[in-house]
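Okay, model10.txt now, which holds compact mmCIF, N, CA and C atoms:
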# COMPACT_ATOMS: atom_id res chain seq x y z
N TYR A 1 4.96 39.20 -18.07
CA TYR A 1 4.37 38.19 -17.21
C TYR A 1 5.49 37.30 -16.70
N GLN A 2 5.42 36.96 -15.43
CA GLN A 2 6.50 36.19 -14.80
C GLN A 2 6.58 34.78 -15.39
N ARG A 3 7.53 34.00 -14.86
CA ARG A 3 7.70 32.63 -15.37
C ARG A 3 6.37 31.89 -15.34
N ARG A 4 6.02 31.31 -16.46
CA ARG A 4 4.78 30.57 -16.57
C ARG A 4 4.97 29.17 -16.03
N VAL A 5 4.02 28.69 -15.23
CA VAL A 5 4.06 27.32 -14.73
C VAL A 5 3.39 26.39 -15.72
N HIS A 6 2.20 26.74 -16.16
CA HIS A 6 1.42 25.81 -16.96
C HIS A 6 0.36 26.58 -17.72
N GLY A 7 0.00 26.11 -18.89
CA GLY A 7 -1.10 26.70 -19.64
C GLY A 7 -1.98 25.60 -20.18
N HIS A 8 -3.22 25.89 -20.41
CA HIS A 8 -4.16 24.88 -20.88
C HIS A 8 -5.19 25.56 -21.76
N THR A 9 -5.47 24.99 -22.88
CA THR A 9 -6.50 25.53 -23.76
C THR A 9 -7.75 24.70 -23.62
N GLN A 10 -8.84 25.37 -23.32
CA GLN A 10 -10.12 24.69 -23.25
C GLN A 10 -10.98 25.28 -24.36
N ILE A 11 -11.00 24.60 -25.50
CA ILE A 11 -11.76 25.09 -26.64
C ILE A 11 -13.21 24.67 -26.45
N SER A 12 -14.04 25.66 -26.21
CA SER A 12 -15.48 25.45 -26.07
C SER A 12 -16.13 26.72 -26.57
N GLN A 13 -17.39 26.94 -26.22
CA GLN A 13 -18.02 28.19 -26.61
C GLN A 13 -17.37 29.37 -25.89
N ASP A 14 -16.58 29.12 -24.85
CA ASP A 14 -15.90 30.19 -24.11
C ASP A 14 -14.54 30.54 -24.69
N TYR A 15 -13.91 29.66 -25.46
CA TYR A 15 -12.59 29.90 -26.05
C TYR A 15 -11.60 30.42 -25.02
N GLN A 16 -11.38 29.67 -23.95
CA GLN A 16 -10.54 30.13 -22.84
C GLN A 16 -9.20 29.44 -22.78
N VAL A 17 -8.19 30.21 -22.37
CA VAL A 17 -6.87 29.70 -22.05
C VAL A 17 -6.59 30.10 -20.61
N VAL A 18 -6.04 29.17 -19.83
CA VAL A 18 -5.69 29.45 -18.44
C VAL A 18 -4.18 29.39 -18.33
N SER A 19 -3.59 30.40 -17.69
CA SER A 19 -2.15 30.38 -17.45
C SER A 19 -1.88 30.71 -16.00
N GLY A 20 -0.79 30.17 -15.49
CA GLY A 20 -0.42 30.43 -14.10
C GLY A 20 1.05 30.78 -14.01
N ALA A 21 1.38 31.68 -13.09
CA ALA A 21 2.77 32.10 -12.90
C ALA A 21 3.28 31.60 -11.57
N VAL A 22 4.56 31.43 -11.49
CA VAL A 22 5.19 30.97 -10.26
C VAL A 22 4.82 31.86 -9.08
N ALA A 23 4.65 33.16 -9.32
CA ALA A 23 4.33 34.11 -8.25
C ALA A 23 2.97 33.85 -7.61
N GLY A 24 2.11 33.05 -8.23
CA GLY A 24 0.83 32.69 -7.63
C GLY A 24 -0.39 33.20 -8.36
N ASP A 25 -0.20 34.05 -9.36
CA ASP A 25 -1.38 34.57 -10.05
C ASP A 25 -1.76 33.69 -11.22
N VAL A 26 -3.08 33.55 -11.40
CA VAL A 26 -3.66 32.77 -12.49
C VAL A 26 -4.45 33.75 -13.35
N LYS A 27 -4.33 33.60 -14.66
CA LYS A 27 -5.04 34.47 -15.59
C LYS A 27 -5.88 33.62 -16.53
N ILE A 28 -7.12 34.06 -16.74
CA ILE A 28 -8.02 33.44 -17.70
C ILE A 28 -8.06 34.36 -18.92
N TRP A 29 -7.77 33.81 -20.09
CA TRP A 29 -7.70 34.59 -21.32
C TRP A 29 -8.80 34.15 -22.27
N ASP A 30 -9.31 35.08 -23.05
CA ASP A 30 -10.25 34.79 -24.13
C ASP A 30 -9.46 34.79 -25.43
N LEU A 31 -9.50 33.70 -26.18
CA LEU A 31 -8.72 33.59 -27.40
C LEU A 31 -9.13 34.61 -28.47
N ARG A 32 -10.36 35.11 -28.38
CA ARG A 32 -10.82 36.07 -29.37
C ARG A 32 -10.29 37.48 -29.10
N ASN A 33 -9.88 37.75 -27.85
CA ASN A 33 -9.32 39.06 -27.47
C ASN A 33 -8.19 38.80 -26.49
N PHE A 34 -7.01 38.58 -27.03
CA PHE A 34 -5.89 38.11 -26.22
C PHE A 34 -5.03 39.24 -25.64
N LYS A 35 -5.51 40.48 -25.74
CA LYS A 35 -4.72 41.62 -25.26
C LYS A 35 -4.68 41.72 -23.74
N THR A 36 -5.80 41.50 -23.11
CA THR A 36 -5.87 41.55 -21.64
C THR A 36 -6.63 40.35 -21.13
N PRO A 37 -6.27 39.84 -19.95
CA PRO A 37 -6.98 38.68 -19.41
C PRO A 37 -8.41 39.03 -19.00
N VAL A 38 -9.30 38.06 -19.11
CA VAL A 38 -10.68 38.22 -18.67
C VAL A 38 -10.73 38.31 -17.15
N ARG A 39 -9.87 37.53 -16.49
CA ARG A 39 -9.87 37.46 -15.03
C ARG A 39 -8.46 37.14 -14.55
N THR A 40 -8.10 37.73 -13.43
CA THR A 40 -6.82 37.44 -12.76
C THR A 40 -7.11 37.24 -11.29
N PHE A 41 -6.52 36.21 -10.69
CA PHE A 41 -6.70 36.00 -9.25
C PHE A 41 -5.49 35.30 -8.66
N ASP A 42 -5.36 35.42 -7.35
CA ASP A 42 -4.26 34.78 -6.61
C ASP A 42 -4.72 33.37 -6.24
N ALA A 43 -4.08 32.37 -6.78
CA ALA A 43 -4.48 30.98 -6.56
C ALA A 43 -3.73 30.31 -5.42
N ALA A 44 -2.71 30.97 -4.89
CA ALA A 44 -1.84 30.30 -3.92
C ALA A 44 -1.70 31.07 -2.60
N GLY A 45 -2.54 32.05 -2.37
CA GLY A 45 -2.45 32.78 -1.11
C GLY A 45 -1.13 33.50 -0.93
N ARG A 46 -0.67 34.17 -1.98
CA ARG A 46 0.60 34.91 -1.98
C ARG A 46 1.83 34.02 -1.78
N LYS A 47 1.71 32.77 -2.10
CA LYS A 47 2.84 31.83 -2.09
C LYS A 47 3.12 31.41 -3.52
N ALA A 48 4.26 30.82 -3.74
CA ALA A 48 4.63 30.37 -5.08
C ALA A 48 3.80 29.16 -5.50
N ILE A 49 3.44 29.12 -6.77
CA ILE A 49 2.78 27.95 -7.35
C ILE A 49 3.86 26.98 -7.81
N THR A 50 3.73 25.73 -7.42
CA THR A 50 4.69 24.71 -7.83
C THR A 50 4.13 23.78 -8.89
N ALA A 51 2.79 23.74 -9.02
CA ALA A 51 2.13 22.90 -10.03
C ALA A 51 0.75 23.46 -10.29
N LEU A 52 0.24 23.23 -11.49
CA LEU A 52 -1.08 23.74 -11.87
C LEU A 52 -1.72 22.76 -12.83
N ALA A 53 -3.01 22.47 -12.63
CA ALA A 53 -3.74 21.58 -13.53
C ALA A 53 -5.16 22.10 -13.71
N MET A 54 -5.69 21.94 -14.91
CA MET A 54 -7.06 22.30 -15.20
C MET A 54 -7.83 21.04 -15.56
N HIS A 55 -9.10 20.99 -15.13
CA HIS A 55 -9.94 19.87 -15.49
C HIS A 55 -10.36 20.02 -16.94
N GLU A 56 -10.40 18.91 -17.65
CA GLU A 56 -10.67 18.95 -19.08
C GLU A 56 -12.11 19.37 -19.42
N TYR A 57 -13.09 19.01 -18.55
CA TYR A 57 -14.48 19.26 -18.89
C TYR A 57 -15.20 20.17 -17.90
N SER A 58 -14.66 20.39 -16.74
CA SER A 58 -15.28 21.25 -15.74
C SER A 58 -14.42 22.50 -15.54
N PRO A 59 -15.03 23.61 -15.17
CA PRO A 59 -14.24 24.83 -14.94
C PRO A 59 -13.55 24.79 -13.58
N LEU A 60 -12.66 23.82 -13.41
CA LEU A 60 -11.93 23.64 -12.16
C LEU A 60 -10.43 23.68 -12.43
N LEU A 61 -9.69 24.22 -11.47
CA LEU A 61 -8.24 24.15 -11.54
C LEU A 61 -7.71 23.82 -10.16
N ALA A 62 -6.55 23.22 -10.13
CA ALA A 62 -5.88 22.87 -8.87
C ALA A 62 -4.46 23.41 -8.94
N CYS A 63 -3.97 23.91 -7.82
CA CYS A 63 -2.58 24.37 -7.79
C CYS A 63 -1.91 23.87 -6.53
N GLY A 64 -0.67 23.43 -6.69
CA GLY A 64 0.18 23.09 -5.56
C GLY A 64 0.96 24.34 -5.19
N THR A 65 1.18 24.55 -3.90
CA THR A 65 1.86 25.77 -3.46
C THR A 65 3.14 25.45 -2.70
N GLN A 66 3.99 26.44 -2.62
CA GLN A 66 5.23 26.33 -1.86
C GLN A 66 4.94 26.09 -0.37
N ALA A 67 3.73 26.45 0.07
CA ALA A 67 3.31 26.25 1.46
C ALA A 67 2.79 24.83 1.71
N LEU A 68 3.07 23.91 0.77
CA LEU A 68 2.68 22.50 0.89
C LEU A 68 1.17 22.32 0.98
N LYS A 69 0.44 23.06 0.15
CA LYS A 69 -1.02 22.93 0.07
C LYS A 69 -1.42 22.67 -1.37
N ILE A 70 -2.59 22.08 -1.52
CA ILE A 70 -3.21 21.93 -2.82
C ILE A 70 -4.54 22.66 -2.74
N ASN A 71 -4.72 23.66 -3.59
CA ASN A 71 -5.96 24.43 -3.65
C ASN A 71 -6.73 24.05 -4.90
N VAL A 72 -8.03 23.80 -4.74
CA VAL A 72 -8.91 23.54 -5.87
C VAL A 72 -9.89 24.69 -5.93
N MET A 73 -10.02 25.29 -7.11
CA MET A 73 -10.90 26.45 -7.26
C MET A 73 -11.57 26.45 -8.61
N ASN A 74 -12.60 27.29 -8.74
CA ASN A 74 -13.26 27.44 -10.03
C ASN A 74 -12.59 28.57 -10.80
N TYR A 75 -13.06 28.82 -12.03
CA TYR A 75 -12.43 29.82 -12.89
C TYR A 75 -12.72 31.25 -12.43
N SER A 76 -13.58 31.41 -11.44
CA SER A 76 -13.82 32.74 -10.86
C SER A 76 -12.80 33.04 -9.76
N GLY A 77 -12.02 32.04 -9.39
CA GLY A 77 -11.04 32.21 -8.33
C GLY A 77 -11.56 31.85 -6.96
N GLU A 78 -12.78 31.31 -6.89
CA GLU A 78 -13.38 30.90 -5.61
C GLU A 78 -12.73 29.61 -5.13
N LEU A 79 -12.20 29.64 -3.92
CA LEU A 79 -11.56 28.45 -3.34
C LEU A 79 -12.63 27.44 -2.96
N LEU A 80 -12.59 26.26 -3.55
CA LEU A 80 -13.57 25.21 -3.28
C LEU A 80 -13.06 24.21 -2.26
N SER A 81 -11.75 24.00 -2.25
CA SER A 81 -11.15 23.03 -1.34
C SER A 81 -9.66 23.34 -1.19
N SER A 82 -9.15 23.07 -0.02
CA SER A 82 -7.72 23.21 0.22
C SER A 82 -7.29 22.10 1.16
N THR A 83 -6.19 21.48 0.85
CA THR A 83 -5.69 20.40 1.69
C THR A 83 -4.18 20.52 1.85
N ALA A 84 -3.69 20.10 3.00
CA ALA A 84 -2.24 20.08 3.23
C ALA A 84 -1.67 18.87 2.50
N TYR A 85 -0.57 19.06 1.83
CA TYR A 85 0.07 17.97 1.09
C TYR A 85 1.28 17.49 1.88
N HIS A 86 1.28 16.22 2.22
CA HIS A 86 2.43 15.60 2.89
C HIS A 86 2.79 14.35 2.10
N ASN A 87 4.02 14.22 1.76
CA ASN A 87 4.42 13.03 1.03
C ASN A 87 4.91 11.98 2.02
N SER A 88 6.17 11.72 2.10
CA SER A 88 6.67 10.68 2.99
C SER A 88 6.96 11.26 4.37
N GLY A 89 6.79 10.48 5.39
CA GLY A 89 7.05 10.91 6.75
C GLY A 89 5.95 10.43 7.68
N TRP A 90 5.94 10.94 8.89
CA TRP A 90 4.93 10.54 9.84
C TRP A 90 4.74 11.66 10.86
N LEU A 91 3.62 11.59 11.56
CA LEU A 91 3.30 12.57 12.58
C LEU A 91 3.71 12.01 13.93
N HIS A 92 4.52 12.75 14.69
CA HIS A 92 4.97 12.31 16.00
C HIS A 92 4.82 13.47 16.98
N ASN A 93 4.00 13.26 18.02
CA ASN A 93 3.74 14.31 19.01
C ASN A 93 3.35 15.63 18.34
N SER A 94 2.43 15.56 17.37
CA SER A 94 1.93 16.72 16.64
C SER A 94 2.99 17.43 15.80
N ALA A 95 4.11 16.79 15.54
CA ALA A 95 5.15 17.38 14.70
C ALA A 95 5.39 16.47 13.50
N TRP A 96 5.51 17.06 12.32
CA TRP A 96 5.76 16.28 11.11
C TRP A 96 7.24 15.94 11.04
N ILE A 97 7.52 14.65 10.91
CA ILE A 97 8.89 14.18 10.79
C ILE A 97 9.03 13.54 9.42
N GLY A 98 10.00 13.96 8.69
CA GLY A 98 10.21 13.39 7.37
C GLY A 98 10.33 14.48 6.33
N SER A 99 10.26 14.07 5.10
CA SER A 99 10.44 14.97 3.97
C SER A 99 9.21 15.85 3.77
N ARG A 100 9.42 17.11 3.47
CA ARG A 100 8.33 18.04 3.18
C ARG A 100 8.64 18.69 1.83
N ILE A 101 8.25 18.03 0.77
CA ILE A 101 8.53 18.47 -0.58
C ILE A 101 7.23 18.96 -1.21
N PRO A 102 7.24 20.13 -1.83
CA PRO A 102 6.02 20.63 -2.47
C PRO A 102 5.61 19.76 -3.66
N VAL A 103 4.34 19.84 -4.00
CA VAL A 103 3.80 19.16 -5.16
C VAL A 103 4.49 19.70 -6.40
N CYS A 104 4.91 18.80 -7.31
CA CYS A 104 5.52 19.27 -8.56
C CYS A 104 4.66 18.94 -9.77
N CYS A 105 3.62 18.09 -9.61
CA CYS A 105 2.73 17.82 -10.73
C CYS A 105 1.33 17.47 -10.21
N LEU A 106 0.33 17.89 -10.96
CA LEU A 106 -1.07 17.64 -10.64
C LEU A 106 -1.79 17.21 -11.91
N ALA A 107 -2.81 16.35 -11.77
CA ALA A 107 -3.63 15.96 -12.92
C ALA A 107 -5.00 15.52 -12.45
N PHE A 108 -6.03 16.02 -13.10
CA PHE A 108 -7.40 15.58 -12.84
C PHE A 108 -7.71 14.37 -13.70
N HIS A 109 -8.52 13.45 -13.16
CA HIS A 109 -9.06 12.38 -13.98
C HIS A 109 -10.11 13.02 -14.89
N PRO A 110 -10.18 12.65 -16.16
CA PRO A 110 -11.11 13.34 -17.06
C PRO A 110 -12.59 13.09 -16.76
N PHE A 111 -12.94 11.97 -16.14
CA PHE A 111 -14.36 11.63 -15.96
C PHE A 111 -14.78 11.44 -14.51
N LYS A 112 -13.84 11.16 -13.63
CA LYS A 112 -14.17 10.93 -12.22
C LYS A 112 -13.67 12.10 -11.37
N PRO A 113 -14.27 12.31 -10.20
CA PRO A 113 -13.82 13.41 -9.33
C PRO A 113 -12.55 13.04 -8.57
N LEU A 114 -11.44 12.83 -9.31
CA LEU A 114 -10.16 12.44 -8.72
C LEU A 114 -9.08 13.43 -9.14
N LEU A 115 -8.15 13.69 -8.22
CA LEU A 115 -7.00 14.54 -8.49
C LEU A 115 -5.76 13.79 -8.03
N ALA A 116 -4.78 13.66 -8.91
CA ALA A 116 -3.51 13.03 -8.57
C ALA A 116 -2.47 14.12 -8.34
N ALA A 117 -1.63 13.91 -7.31
CA ALA A 117 -0.55 14.86 -7.00
C ALA A 117 0.74 14.08 -6.85
N GLY A 118 1.81 14.62 -7.39
CA GLY A 118 3.11 13.96 -7.30
C GLY A 118 4.18 14.93 -6.88
N ASP A 119 5.31 14.37 -6.44
CA ASP A 119 6.44 15.21 -6.03
C ASP A 119 7.73 14.58 -6.54
N THR A 120 8.86 15.18 -6.20
CA THR A 120 10.13 14.71 -6.72
C THR A 120 10.64 13.44 -6.05
N ASP A 121 9.94 12.93 -5.03
CA ASP A 121 10.28 11.65 -4.42
C ASP A 121 9.61 10.49 -5.16
N SER A 122 8.98 10.77 -6.28
CA SER A 122 8.26 9.78 -7.10
C SER A 122 7.07 9.17 -6.38
N LEU A 123 6.49 9.92 -5.46
CA LEU A 123 5.29 9.47 -4.76
C LEU A 123 4.07 10.14 -5.37
N ILE A 124 2.95 9.40 -5.42
CA ILE A 124 1.70 9.93 -5.96
C ILE A 124 0.63 9.80 -4.90
N SER A 125 -0.13 10.86 -4.71
CA SER A 125 -1.29 10.86 -3.81
C SER A 125 -2.53 11.09 -4.65
N LEU A 126 -3.62 10.39 -4.31
CA LEU A 126 -4.90 10.56 -5.00
C LEU A 126 -5.89 11.19 -4.03
N TYR A 127 -6.64 12.17 -4.53
CA TYR A 127 -7.66 12.86 -3.74
C TYR A 127 -8.98 12.75 -4.48
N ARG A 128 -10.06 12.62 -3.73
CA ARG A 128 -11.38 12.64 -4.34
C ARG A 128 -12.27 13.57 -3.53
N SER A 129 -13.37 13.98 -4.13
CA SER A 129 -14.24 14.96 -3.49
C SER A 129 -14.99 14.34 -2.31
N GLU A 130 -15.38 15.19 -1.39
CA GLU A 130 -16.15 14.74 -0.23
C GLU A 130 -17.49 14.14 -0.67
N ASP A 131 -18.12 14.72 -1.70
CA ASP A 131 -19.38 14.19 -2.21
C ASP A 131 -19.20 12.78 -2.75
N ASP A 132 -18.10 12.52 -3.43
CA ASP A 132 -17.83 11.19 -3.96
C ASP A 132 -17.60 10.18 -2.83
N ARG A 133 -16.93 10.61 -1.78
CA ARG A 133 -16.71 9.71 -0.62
C ARG A 133 -18.03 9.34 0.03
N LYS A 134 -18.93 10.32 0.17
CA LYS A 134 -20.26 10.05 0.78
C LYS A 134 -21.06 9.09 -0.08
N ARG A 135 -21.01 9.27 -1.41
CA ARG A 135 -21.74 8.35 -2.30
C ARG A 135 -21.17 6.93 -2.20
N SER A 136 -19.86 6.81 -2.10
CA SER A 136 -19.24 5.48 -2.01
C SER A 136 -19.57 4.79 -0.70
N ALA A 137 -19.68 5.55 0.37
CA ALA A 137 -19.96 4.97 1.69
C ALA A 137 -21.43 4.63 1.85
N GLY A 138 -22.29 5.35 1.18
CA GLY A 138 -23.73 5.21 1.39
C GLY A 138 -24.32 4.27 0.45
Kindly present the structure from the file in structure tokens form.
Amino acid sequence: YQRRVHGHTQISQDYQVVSGAVAGDVKIWDLRNFKTPVRTFDAAGRKAITALAMHEYSPLLACGTQALKINVMNYSGELLSSTAYHNSGWLHNSAWIGSRIPVCCLAFHPFKPLLAAGDTDSLISLYRSEDDRKRSAG
């Protein structure tokens, strides 16, 4: 297995471990039968994974990609959300000017629908779900 980016143990009735490789593949393992993964999928659209995070209580994972995107998906590999990640800079005449550094760390809030993303410029971006935004506005 290629260089591992991140692993997470979610001890529940499912006894699952999630691992991700720099090459972009994510594997879901069952601790009771660790010989072969239960599921394998491409989490980064054939791009390198730069960061990976799993939600502590929901079957969700997020990955930062070399293509400057953050993908949020479930443990089946279904893409639930994807957003372009831009740290410092500005948009000028439809062109991005400034630094374009991939995400190097991701973390879900344990109880709220929030995802934090950071990069090597020491900047942090917070993302929340569209459903949460609608509830806050309404």
Inset, instruction - For the point (-14.0, 29.3, -15.4) in the file's frame, write as a list in words all residues with an atom no more than 8 Å away, counting all atoms listed in the file. - result: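 I get Ile28, Ser58, Pro59, Leu60, Leu61, Met73, Asn74, Tyr75, Ser76 and Gly77 of chain A for the residues within 8 Å of that point.
Considering the residues A:Val103, A:Ala116, A:Leu80, A:Val17 and counting only C-alpha atoms, Glu130 (chain A) has its shortest atom-to-atom contact with A:Leu80.
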Legend entry - Point-to-point distance in Å for atom C of Trp29 (chain A) and atom N of Gln66 (chain A):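 Between these atoms lies a distance of 24.7 Å.
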Legend entry - Nearest to Ala51 (chain A) by atom-to-atom distance, counting only C-alpha atoms, from A:Ser81, A:Lys35, A:Lys27, A:Ala107: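 Distance minimum relative to Ala51 (chain A) lands on A:Ala107.
Relative to CA of Phe111 (chain A), CA of Glu56 (chain A) is found at 8.8 Å.
Among the candidates A:Asp119, A:Leu114, A:Ser125, A:Arg39, the residue lying nearest to Ile101 (chain A) is A:Asp119 (atoms considered: all atoms listed in the file).
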